[in-house]
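> start-v3.txt is reproduced below (compact mmCIF, C-alpha atoms and all ligand atoms).
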# COMPACT_ATOMS: atom_id res chain seq x y z
CA MET A 522 94.60 130.10 -25.15
CA LEU A 523 91.61 128.44 -23.58
CA THR A 524 92.41 125.04 -22.11
CA THR A 525 89.79 122.36 -22.38
CA ILE A 526 89.63 119.90 -19.54
CA SER A 527 87.50 116.81 -19.13
CA VAL A 528 86.30 116.00 -15.63
CA VAL A 529 85.58 112.28 -15.49
CA VAL A 530 83.07 111.42 -12.79
CA PRO A 531 81.95 107.83 -12.19
CA THR A 532 78.52 107.67 -10.62
CA TYR A 533 76.43 105.06 -8.92
CA ASN A 534 73.41 106.42 -7.05
CA GLU A 535 74.65 109.99 -6.85
CA LYS A 536 71.54 111.83 -8.00
CA GLU A 537 71.45 114.06 -4.93
CA ASN A 538 75.05 115.19 -5.34
CA LEU A 539 75.21 115.73 -9.06
CA GLU A 540 73.72 119.19 -9.42
CA GLU A 541 75.94 120.77 -6.78
CA LEU A 542 78.98 118.99 -8.19
CA VAL A 543 78.39 120.14 -11.75
CA SER A 544 77.72 123.71 -10.72
CA ARG A 545 80.76 123.93 -8.44
CA ILE A 546 82.99 122.55 -11.19
CA ARG A 547 81.61 125.08 -13.64
CA VAL A 548 81.97 128.04 -11.31
CA ALA A 549 85.52 127.11 -10.35
CA CYS A 550 86.59 126.60 -13.96
CA ASP A 551 84.79 129.67 -15.32
CA HIS A 552 86.57 131.87 -12.78
CA ALA A 553 89.91 130.52 -13.85
CA GLY A 554 89.16 130.79 -17.55
CA ILE A 555 89.14 127.05 -18.04
CA ASP A 556 86.80 125.44 -20.52
CA SER A 557 85.42 122.31 -18.88
CA GLU A 558 83.30 119.36 -19.85
CA VAL A 559 82.01 116.86 -17.32
CA VAL A 560 82.00 113.23 -18.40
CA ILE A 561 79.57 111.28 -16.27
CA VAL A 562 79.89 107.52 -16.42
CA ASP A 563 76.79 106.06 -14.86
CA ASP A 564 76.16 102.38 -14.29
CA ASN A 565 72.39 102.47 -14.68
CA SER A 566 71.97 103.77 -11.11
CA PRO A 567 68.65 102.66 -9.63
CA ASP A 568 68.11 106.16 -8.19
CA GLY A 569 67.92 107.65 -11.68
CA THR A 570 71.28 109.44 -11.72
CA GLY A 571 71.55 108.81 -15.45
CA ALA A 572 68.25 110.44 -16.37
CA PHE A 573 69.01 113.34 -14.06
CA ALA A 574 72.38 113.81 -15.73
CA GLU A 575 70.59 114.07 -19.10
CA GLU A 576 68.50 116.84 -17.62
CA LEU A 577 71.58 118.70 -16.38
CA ALA A 578 73.18 118.23 -19.79
CA ARG A 579 70.61 120.57 -21.31
CA THR A 580 72.16 123.54 -19.56
CA ASN A 581 75.72 122.32 -18.92
CA LYS A 582 78.56 120.89 -20.94
CA ILE A 583 78.10 117.28 -20.01
CA ARG A 584 78.76 114.03 -21.80
CA ILE A 585 77.10 110.96 -20.47
CA VAL A 586 78.24 107.38 -20.78
CA ARG A 587 75.50 105.03 -19.68
CA ARG A 588 76.46 101.48 -18.94
CA VAL A 589 74.09 98.58 -18.43
CA GLY A 590 74.87 97.83 -14.78
CA LYS A 591 77.32 98.25 -11.94
CA LEU A 592 80.58 97.33 -13.65
CA GLY A 593 82.97 98.94 -11.21
CA LEU A 594 84.66 102.24 -10.50
CA SER A 595 87.95 101.75 -12.35
CA SER A 596 86.41 100.50 -15.56
CA ALA A 597 83.97 103.43 -15.43
CA VAL A 598 86.90 105.85 -15.29
CA VAL A 599 88.64 104.08 -18.17
CA GLU A 600 85.47 104.36 -20.28
CA GLY A 601 85.25 107.99 -19.29
CA PHE A 602 88.74 108.57 -20.70
CA ALA A 603 87.68 107.12 -24.03
CA ALA A 604 84.61 109.34 -24.18
CA SER A 605 86.44 112.51 -23.19
CA SER A 606 88.22 114.97 -25.46
CA GLY A 607 90.21 117.38 -23.29
CA SER A 608 93.99 117.41 -23.32
CA ILE A 609 93.80 117.50 -19.54
CA ILE A 610 91.76 114.97 -17.59
CA ILE A 611 90.49 115.25 -14.04
CA ILE A 612 89.20 112.22 -12.16
CA MET A 613 86.99 112.84 -9.17
CA ASP A 614 84.21 111.31 -7.09
CA ALA A 615 80.65 112.55 -7.42
CA ASP A 616 79.92 112.69 -3.71
CA LEU A 617 81.61 116.08 -3.08
CA SER A 618 84.38 114.50 -1.04
CA HIS A 619 86.82 116.12 -3.46
CA PRO A 620 86.64 119.92 -3.60
CA PRO A 621 86.08 121.05 -7.22
CA GLU A 622 87.59 124.40 -6.22
CA LYS A 623 91.02 122.75 -6.32
CA ILE A 624 90.77 122.00 -10.03
CA PRO A 625 92.23 125.32 -11.31
CA GLU A 626 95.31 124.93 -9.12
CA MET A 627 95.84 121.37 -10.36
CA VAL A 628 95.38 122.45 -13.97
CA SER A 629 97.82 125.32 -13.67
CA ILE A 630 100.51 122.97 -12.32
CA LEU A 631 100.03 120.75 -15.37
CA GLU A 632 100.11 123.72 -17.70
CA SER A 633 103.27 125.17 -16.21
CA GLY A 634 104.98 121.87 -16.99
CA GLU A 635 105.93 121.32 -13.34
CA ALA A 636 104.31 117.90 -13.47
CA GLU A 637 102.25 115.68 -15.74
CA VAL A 638 100.21 114.19 -12.91
CA VAL A 639 98.74 116.08 -9.96
CA VAL A 640 97.23 114.22 -7.02
CA GLY A 641 94.72 115.77 -4.64
CA SER A 642 96.32 114.55 -1.45
CA ARG A 643 95.09 114.09 2.11
CA TYR A 644 98.51 113.21 3.41
CA VAL A 645 100.70 116.18 2.53
CA LYS A 646 101.02 119.30 4.67
CA GLY A 647 97.72 121.13 4.66
CA GLY A 648 95.72 118.07 3.63
CA SER A 649 93.19 116.38 5.89
CA VAL A 650 90.19 114.13 6.22
CA GLU A 651 86.98 115.21 7.85
CA ASN A 652 86.21 113.21 11.00
CA TRP A 653 86.92 109.70 9.85
CA PRO A 654 86.57 107.01 12.49
CA LEU A 655 89.86 105.58 13.73
CA THR A 656 89.32 102.23 11.96
CA ARG A 657 88.90 103.84 8.54
CA ARG A 658 91.98 106.02 9.14
CA LEU A 659 94.01 102.93 10.07
CA ILE A 660 92.80 100.97 7.06
CA SER A 661 93.65 103.89 4.81
CA LYS A 662 97.14 104.20 6.31
CA GLY A 663 97.72 100.44 6.04
CA ALA A 664 96.65 100.44 2.41
CA THR A 665 98.97 103.37 1.73
CA LEU A 666 101.86 101.50 3.33
CA LEU A 667 101.31 98.47 1.09
CA ALA A 668 101.79 100.68 -1.92
CA ARG A 669 104.93 102.36 -0.55
CA ARG A 670 107.40 100.73 -2.88
CA LEU A 671 105.25 101.28 -5.94
CA THR A 672 105.13 105.07 -5.82
CA LYS A 673 106.55 107.88 -3.73
CA VAL A 674 103.21 109.67 -3.70
CA ARG A 675 102.01 110.18 -0.13
CA ASP A 676 98.36 109.54 -0.95
CA PRO A 677 98.39 106.91 -3.69
CA MET A 678 94.84 105.88 -2.74
CA SER A 679 93.45 109.22 -3.74
CA GLY A 680 90.57 109.19 -6.18
CA PHE A 681 91.18 112.85 -7.11
CA LEU A 682 93.73 113.32 -9.91
CA ALA A 683 94.58 115.63 -12.75
CA LEU A 684 96.70 114.43 -15.64
CA LYS A 685 97.75 115.19 -19.14
CA ARG A 686 96.09 112.89 -21.62
CA SER A 687 99.53 111.81 -22.87
CA VAL A 688 100.08 110.06 -19.52
CA ILE A 689 97.53 107.38 -20.33
CA GLU A 690 97.69 107.35 -24.11
CA GLY A 691 98.65 103.89 -25.32
CA VAL A 692 98.83 102.57 -21.75
CA LYS A 693 96.93 99.39 -21.01
CA LEU A 694 95.16 100.02 -17.72
CA ASP A 695 93.80 97.11 -15.74
CA PRO A 696 90.29 98.19 -14.84
CA VAL A 697 89.92 96.06 -11.72
CA GLY A 698 89.26 97.32 -8.24
CA TYR A 699 88.85 100.79 -6.88
CA LYS A 700 92.32 102.23 -7.27
CA ILE A 701 92.51 103.63 -10.75
CA GLY A 702 94.76 106.39 -9.42
CA LEU A 703 97.37 103.91 -8.21
CA GLU A 704 97.13 102.09 -11.53
CA ILE A 705 97.88 105.32 -13.38
CA LEU A 706 100.72 106.25 -11.01
CA VAL A 707 102.38 102.88 -11.64
CA LYS A 708 101.75 102.43 -15.37
CA GLY A 709 101.32 105.97 -16.68
CA LYS A 710 103.89 107.78 -18.83
CA TYR A 711 105.09 110.78 -16.86
CA SER A 712 108.24 112.08 -15.31
CA LYS A 713 106.95 114.28 -12.52
CA VAL A 714 104.04 114.04 -10.13
CA PHE A 715 102.91 116.75 -7.75
CA GLU A 716 100.61 116.56 -4.73
CA VAL A 717 98.33 119.38 -3.71
CA PRO A 718 96.71 119.23 -0.28
CA ILE A 719 92.97 118.70 -0.12
CA ARG A 720 90.46 118.39 2.62
CA PHE A 721 88.57 115.16 2.02
CA SER A 722 84.99 115.80 3.16
CA ASN A 723 82.48 113.19 4.11
CA ARG A 724 80.00 112.50 1.38
CA LYS A 725 76.97 114.75 1.59
CA ALA A 726 74.32 112.28 0.48
CA GLY A 727 74.09 108.61 -0.33
CA LYS A 728 76.36 105.76 0.77
CA SER A 729 79.92 104.65 0.09
CA LYS A 730 80.14 101.72 -2.31
CA LEU A 731 83.35 100.45 -0.78
CA GLY A 732 82.49 97.10 0.78
CA GLY A 733 84.53 94.53 2.71
CA GLY A 734 85.49 92.60 -0.43
CA GLU A 735 87.32 95.69 -1.66
CA TYR A 736 90.15 95.18 0.82
CA LEU A 737 90.99 91.78 -0.60
CA ARG A 738 90.66 93.05 -4.12
CA TYR A 739 92.92 95.95 -3.24
CA THR A 740 95.61 93.61 -1.88
CA ASP A 741 95.35 91.59 -5.07
CA HIS A 742 95.64 94.76 -7.13
CA VAL A 743 98.77 95.86 -5.26
CA ILE A 744 100.36 92.43 -5.78
CA ARG A 745 99.59 92.64 -9.50
CA LEU A 746 101.23 96.05 -9.68
CA TYR A 747 104.36 94.76 -7.97
CA GLU A 748 104.34 91.95 -10.51
CA TYR A 749 104.05 94.49 -13.29
CA ARG A 750 107.09 96.35 -11.94
CA LYS A 751 109.27 93.37 -11.08
CA PRO A 752 107.69 90.33 -12.72
CA TRP A 753 110.46 87.83 -11.95
CA LEU A 754 111.09 88.87 -8.39
CA ALA A 755 107.35 88.84 -7.62
CA LYS A 756 106.91 85.40 -9.19
CA TYR A 757 109.89 83.99 -7.34
CA LEU A 758 108.63 85.38 -4.01
CA LYS A 759 105.24 83.79 -4.57
CA PHE A 760 106.89 80.53 -5.53
CA ALA A 761 109.10 80.65 -2.44
CA ALA A 762 106.19 81.51 -0.14
CA ILE A 763 104.27 78.52 -1.47
CA GLY A 764 107.39 76.40 -1.01
CA GLY A 765 107.59 77.50 2.63
CA LEU A 766 103.97 76.56 3.14
CA GLY A 767 104.72 73.22 1.47
CA ALA A 768 107.49 72.56 3.98
CA LEU A 769 105.03 73.11 6.83
CA ILE A 770 102.48 70.80 5.22
CA ASN A 771 105.20 68.21 4.66
CA THR A 772 106.23 68.32 8.32
CA ALA A 773 102.66 68.13 9.59
CA ILE A 774 101.82 65.08 7.44
CA LEU A 775 105.07 63.32 8.31
CA TRP A 776 104.48 63.78 12.00
CA THR A 777 100.80 62.79 11.91
CA ALA A 778 101.33 59.71 9.76
CA ASN A 779 104.23 58.44 11.82
CA GLU A 780 103.42 59.49 15.38
CA ILE A 781 99.65 59.10 15.29
CA PHE A 782 99.04 56.41 12.67
CA PHE A 783 102.33 54.51 13.13
CA VAL A 784 103.19 54.55 9.44
CA TYR A 785 106.81 53.49 8.86
CA TYR A 786 108.70 56.80 8.84
CA LEU A 787 110.11 56.48 5.32
CA TRP A 788 106.65 55.74 3.90
CA ALA A 789 105.35 58.63 5.95
CA ALA A 790 108.02 60.81 4.35
CA VAL A 791 106.98 59.71 0.86
CA LEU A 792 103.34 60.45 1.63
CA ALA A 793 104.25 63.86 3.11
CA PHE A 794 106.31 64.66 0.02
CA CYS A 795 103.46 63.75 -2.35
CA VAL A 796 100.85 65.78 -0.48
CA ALA A 797 103.15 68.83 -0.26
CA VAL A 798 104.05 68.60 -3.96
CA THR A 799 100.38 68.39 -4.89
CA SER A 800 99.41 71.43 -2.85
CA ASN A 801 102.46 73.34 -4.12
CA TYR A 802 101.48 72.52 -7.67
CA ALA A 803 97.88 73.61 -7.18
CA LEU A 804 98.84 76.89 -5.49
CA ASN A 805 101.47 77.77 -8.07
CA ARG A 806 99.13 76.99 -10.93
CA TRP A 807 96.48 79.24 -9.47
CA TRP A 808 98.52 82.04 -7.90
CA THR A 809 102.06 82.25 -9.28
CA TYR A 810 101.36 81.41 -12.91
CA ARG A 811 97.59 81.99 -13.15
CA SER A 812 97.48 79.04 -15.49
CA LYS A 813 94.62 77.34 -17.29
CA GLY A 814 96.76 74.66 -18.98
CA SER A 815 96.36 70.89 -18.88
CA VAL A 816 96.53 69.60 -15.29
CA PRO A 817 97.82 66.04 -15.95
CA ARG A 818 100.73 67.29 -18.05
CA GLN A 819 101.65 70.11 -15.67
CA TYR A 820 101.23 67.95 -12.60
CA SER A 821 103.55 65.22 -13.87
CA GLN A 822 106.15 67.77 -14.92
CA PHE A 823 105.91 69.50 -11.55
CA LEU A 824 106.36 66.14 -9.82
CA ILE A 825 109.43 65.33 -11.90
CA VAL A 826 110.96 68.73 -11.12
CA SER A 827 110.25 68.22 -7.42
CA VAL A 828 111.90 64.79 -7.35
CA LEU A 829 114.93 66.16 -9.20
CA GLY A 830 114.95 69.06 -6.74
CA LEU A 831 114.97 66.65 -3.82
CA GLY A 832 117.90 64.79 -5.38
CA LEU A 833 119.69 68.08 -5.95
CA ASN A 834 119.05 69.02 -2.34
CA LEU A 835 120.77 65.85 -1.08
CA ALA A 836 123.63 66.20 -3.56
CA LEU A 837 124.24 69.80 -2.55
CA LEU A 838 124.06 68.95 1.11
CA TRP A 839 126.66 66.25 0.57
CA ALA A 840 128.86 68.59 -1.48
CA ILE A 841 128.78 71.27 1.20
CA VAL A 842 129.15 69.04 4.26
CA ASP A 843 131.54 66.40 2.93
CA GLN A 844 133.51 68.39 0.37
CA ALA A 845 133.38 72.14 0.89
CA MET A 846 133.48 72.23 4.69
CA PRO A 847 136.52 69.95 5.09
CA ALA A 848 138.29 71.84 2.31
CA LEU A 849 137.65 75.10 4.19
CA HIS A 850 138.73 73.43 7.45
CA ILE A 851 135.35 73.93 9.04
CA ALA A 852 135.06 71.31 11.73
CA ARG A 853 131.58 70.15 12.70
CA ASP A 854 131.58 69.97 16.45
CA ARG A 855 128.77 68.51 18.43
CA ALA A 856 125.58 70.62 18.25
CA SER A 857 127.08 73.03 15.75
CA VAL A 858 124.79 74.93 13.38
CA TYR A 859 126.77 74.07 10.27
CA LEU A 860 124.46 71.35 9.08
CA VAL A 861 121.47 73.66 9.37
CA ILE A 862 123.27 76.44 7.49
CA ALA A 863 124.38 73.98 4.81
CA ASN A 864 120.80 72.78 4.46
CA LEU A 865 119.44 76.33 4.17
CA ILE A 866 121.93 77.08 1.41
CA ALA A 867 120.90 73.87 -0.36
CA ILE A 868 117.21 74.69 0.01
CA PHE A 869 117.72 78.17 -1.43
CA ALA A 870 119.60 76.77 -4.42
CA VAL A 871 116.94 74.12 -4.95
CA SER A 872 114.17 76.71 -4.79
CA ILE A 873 115.86 78.59 -7.63
CA PHE A 874 116.28 75.36 -9.60
CA ASN A 875 112.63 74.40 -9.09
CA PHE A 876 111.46 77.89 -9.94
CA VAL A 877 113.46 78.08 -13.16
CA ALA A 878 112.55 74.54 -14.22
CA ASN A 879 108.85 75.08 -13.58
CA SER A 880 108.82 78.53 -15.18
CA PHE A 881 110.50 77.36 -18.38
CA TRP A 882 109.12 73.87 -18.64
CA THR A 883 105.97 73.15 -16.64
CA PHE A 884 104.50 76.63 -17.03
CA ARG A 885 106.40 77.82 -20.11
CA ALA A 886 103.24 79.01 -21.86
CA GLU A 887 102.43 81.30 -18.93
CA THR A 888 106.03 82.51 -18.66
CA ARG A 889 106.10 83.58 -22.29
CA ARG A 890 103.53 86.25 -21.47
CA ILE A 891 105.86 88.10 -19.08
N1 LIG B 901 79.98 104.09 -12.58
C1 LIG B 901 80.31 103.62 -11.39
N2 LIG B 901 80.30 102.25 -11.18
N3 LIG B 901 80.63 104.46 -10.38
C2 LIG B 901 80.94 103.94 -9.18
C3 LIG B 901 80.94 102.56 -8.91
C4 LIG B 901 80.60 101.68 -9.99
O1 LIG B 901 80.58 100.46 -9.85
N4 LIG B 901 81.31 102.39 -7.61
C5 LIG B 901 81.51 103.61 -7.10
N5 LIG B 901 81.28 104.56 -8.02
C6 LIG B 901 81.40 106.02 -7.90
C7 LIG B 901 80.60 106.64 -6.80
O2 LIG B 901 79.30 106.99 -7.22
C8 LIG B 901 81.44 107.86 -6.46
O3 LIG B 901 81.20 108.92 -7.34
C9 LIG B 901 82.85 107.37 -6.66
O4 LIG B 901 82.75 106.27 -7.57
C10 LIG B 901 83.52 106.94 -5.37
O5 LIG B 901 82.70 105.99 -4.70
P1 LIG B 901 82.49 106.03 -3.12
O6 LIG B 901 81.58 104.93 -2.79
O7 LIG B 901 82.14 107.40 -2.65
O8 LIG B 901 83.97 105.63 -2.66
P2 LIG B 901 84.68 105.94 -1.30
O9 LIG B 901 84.35 107.30 -0.78
O10 LIG B 901 84.51 104.80 -0.39
O11 LIG B 901 86.20 105.91 -1.81
C11 LIG B 901 86.75 107.05 -2.39
O12 LIG B 901 87.76 107.54 -1.54
C12 LIG B 901 88.87 106.69 -1.41
C13 LIG B 901 89.87 107.33 -0.50
O13 LIG B 901 89.72 106.85 0.76
C14 LIG B 901 87.34 106.75 -3.78
O14 LIG B 901 87.76 107.96 -4.35
C15 LIG B 901 88.52 105.85 -3.71
O15 LIG B 901 89.12 105.76 -5.01
C16 LIG B 901 89.51 106.46 -2.74
O16 LIG B 901 90.60 105.58 -2.59
MN MN B 902 83.05 108.72 -1.28
Show me, as structure tokens, the structure contained in the file I just sent.

Amino acid sequence: MLTTISVVVPTYNEKENLEELVSRIRVACDHAGIDSEVVIVDDNSPDGTGAFAEELARTNKIRIVRRVGKLGLSSAVVEGFAASSGSIIIIMDADLSHPPEKIPEMVSILESGEAEVVVGSRYVKGGSVENWPLTRRLISKGATLLARRLTKVRDPMSGFLALKRSVIEGVKLDPVGYKIGLEILVKGKYSKVFEVPIRFSNRKAGKSKLGGGEYLRYTDHVIRLYEYRKPWLAKYLKFAAIGGLGALINTAILWTANEIFFVYYLWAAVLAFCVAVTSNYALNRWWTYRSKGSVPRQYSQFLIVSVLGLGLNLALLWAIVDQAMPALHIARDRASVYLVIANLIAIFAVSIFNFVANSFWTFRAETRRI
């Protein structure tokens, strides 16, 4: 039986690479008895890649999706999926960094049922990258490390993948950023993934479109994927990180107001509390809950929760120091660390209280979406 595969290739200014790419894909697939179509998703490249693709389509099996402007790599791939028809999908770059000659091997692994996703990998035995400068190698390794707990794949950044269509059918893929492969590895429906070694060559012509902003966007993407996997843990960690920052802000304001501006220390403490609560609220609204709700309502609720939390903190501290410790015969000697430990326990408990109260009251509309 002849397998039909769709090779989805996003392009932006790749006119000079396209002909060689298409012909190498065809030769490799023809040799292996694979029926292939190339799906080119072009974002109205100024160099005329789109028109050139139309020309190539006269003599090759090519589908072209032309979009109005540069809308991004991941969304291009997602549109390519929709326009493709094969039961097996390959994703690859147009710049000849990914060797088309590897496609038959990847397809045969899918067909044998050994895996539903195959990654063209630089970081398994036999894989390599062609003379990358040290900085790009380090960045690539760092990025890979960030994704460690999301997937066991050694090269989750790879842009060269083969998959069965069933892996992405009915899956809502977030088309942000550059890492559509990572998105598929995290959200796709598959049980086994296999990595085949590739040599990643430098692009033959044209320039990389990966700019500085991509690193930030990548970090954001990875955080979103962790949230997808463990929504509550991720939200709590964000909430706690913001709380930690709030404690620093609180301390800085208290010190400045009292030591520099001679504000009575209890008033300084009230001021410090208010500023920290405000910044905590703003950061949680924007980062933890990504909320667009009414600020006055949320802010007053957040303030109430924080005041209750402060009260709870004192009550817990009292319960531990004055009730639990004597009952357990823990004596507080001079300069002991018990008070600090008691306070840390209280702070942890209060952070959970604040988190739960804000999640289910202040930001309940956002929480319902989890
Ligand atoms: N349609 C469309 N729209 N295509 C795009 C866009 C876009 O906005 N941006 C980039 N492309 C196309 C390029 O034309 C190329 O075919 C492919 O996407 C990859 O772009 P490059 O600019 O060559 O990316 P890179 O070499 O820096 O990154 C590649 O290697 C990384 C591994 O280090 C990509 O494969 C990454 O996904 C991969 O992580
Ligand atoms: Mn490239």
> Let me have all residues with an atom within 6 Å of ligand MN 902 (chain B), counting all atoms listed in the file, laid out as a PyMOL selection string.
chain A and resi 616+618+724+729
> So which one's closest to Asn652 of chain A, A:Lys591, A:Ser722, A:Val640, A:Lys759? Using all atoms listed in the file, please.
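Of all the options, A:Ser722 lies closest to Asn652 of chain A.
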> Choose the residue, out of A:Ser557, A:Thr570, A:Ser608, A:Ser661, that has the smallest atom-to-atom separation from ligand LIG 901 (chain B); count all atoms listed in the file.
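The closest residue to ligand LIG 901 (chain B) is A:Ser661.
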> May I ask you to write as a PyMOL selection string all residues lying at most 8 Å from ligand LIG 901 (chain B), with only C-alpha atoms and all ligand atoms counted?
chain A and resi 530-535+562-564+588+590-598+613-616+618+661+677-681+699-702+723-724+728-731
> Point out the residue among A:Lys725, A:Arg818, A:Arg855, A:Lys685 with the least atom-to-atom distance to Gly709 of chain A, counting all atoms listed in the file.
A:Lys685
> What separation in Å, quoted to one decimal, exists between atom CA of Glu576 of chain A and atom CA of Val543 of chain A?
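It comes out at 12.0 Å.
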> Please provide the set of residues having any atom within 7 Å of segment 794-801 of chain A, restricted to only C-alpha atoms, with same-chain residues fewer than 4 positions apart removed, written as a list in words.
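The contact residues come out as Ile763, Gly764, Gly767, Ile770, Asn771, Ala790, Asn805 and Leu824 of chain A.
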> May I ask which of the residues A:Leu831, A:Ala755, A:Val599, A:Ile611 is the closest one to Ala870 of chain A, counting all atoms listed in the file?
A:Leu831
> Near segment 558-560 of chain A, counting all atoms listed in the file, which residues have an atom at most 8 Å away, once you skip same-chain residues fewer than 4 positions from it, shown as JSON, numbers by chain?
{"A": [525, 526, 527, 528, 529, 530, 543, 582, 583, 584, 585, 586, 601, 604, 605, 607]}
> Show which residues sit within 8 Å of Asn879 of chain A, as a PyMOL selection string. Count all atoms listed in the file, and ignore same-chain residues fewer than 6 positions away.
chain A and resi 822-823+826+885
> Kindly export the residues of the current selection with C-alpha atoms, as a PDB file, in the coordinates of the input.

ATOM      1  CA  GLN A 822     106.150  67.770 -14.920  1.00  0.00           C
ATOM      2  CA  PHE A 823     105.910  69.500 -11.550  1.00  0.00           C
ATOM      3  CA  VAL A 826     110.960  68.730 -11.120  1.00  0.00           C
ATOM      4  CA  ARG A 885     106.400  77.820 -20.110  1.00  0.00           C
TER       5      ARG A 885
END
> For Ser566 of chain A, which residue among A:His552, A:Arg579, A:Lys536, A:Arg750 is the nearest when counting only C-alpha atoms?
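Of all the options, A:Lys536 lies closest to Ser566 of chain A.
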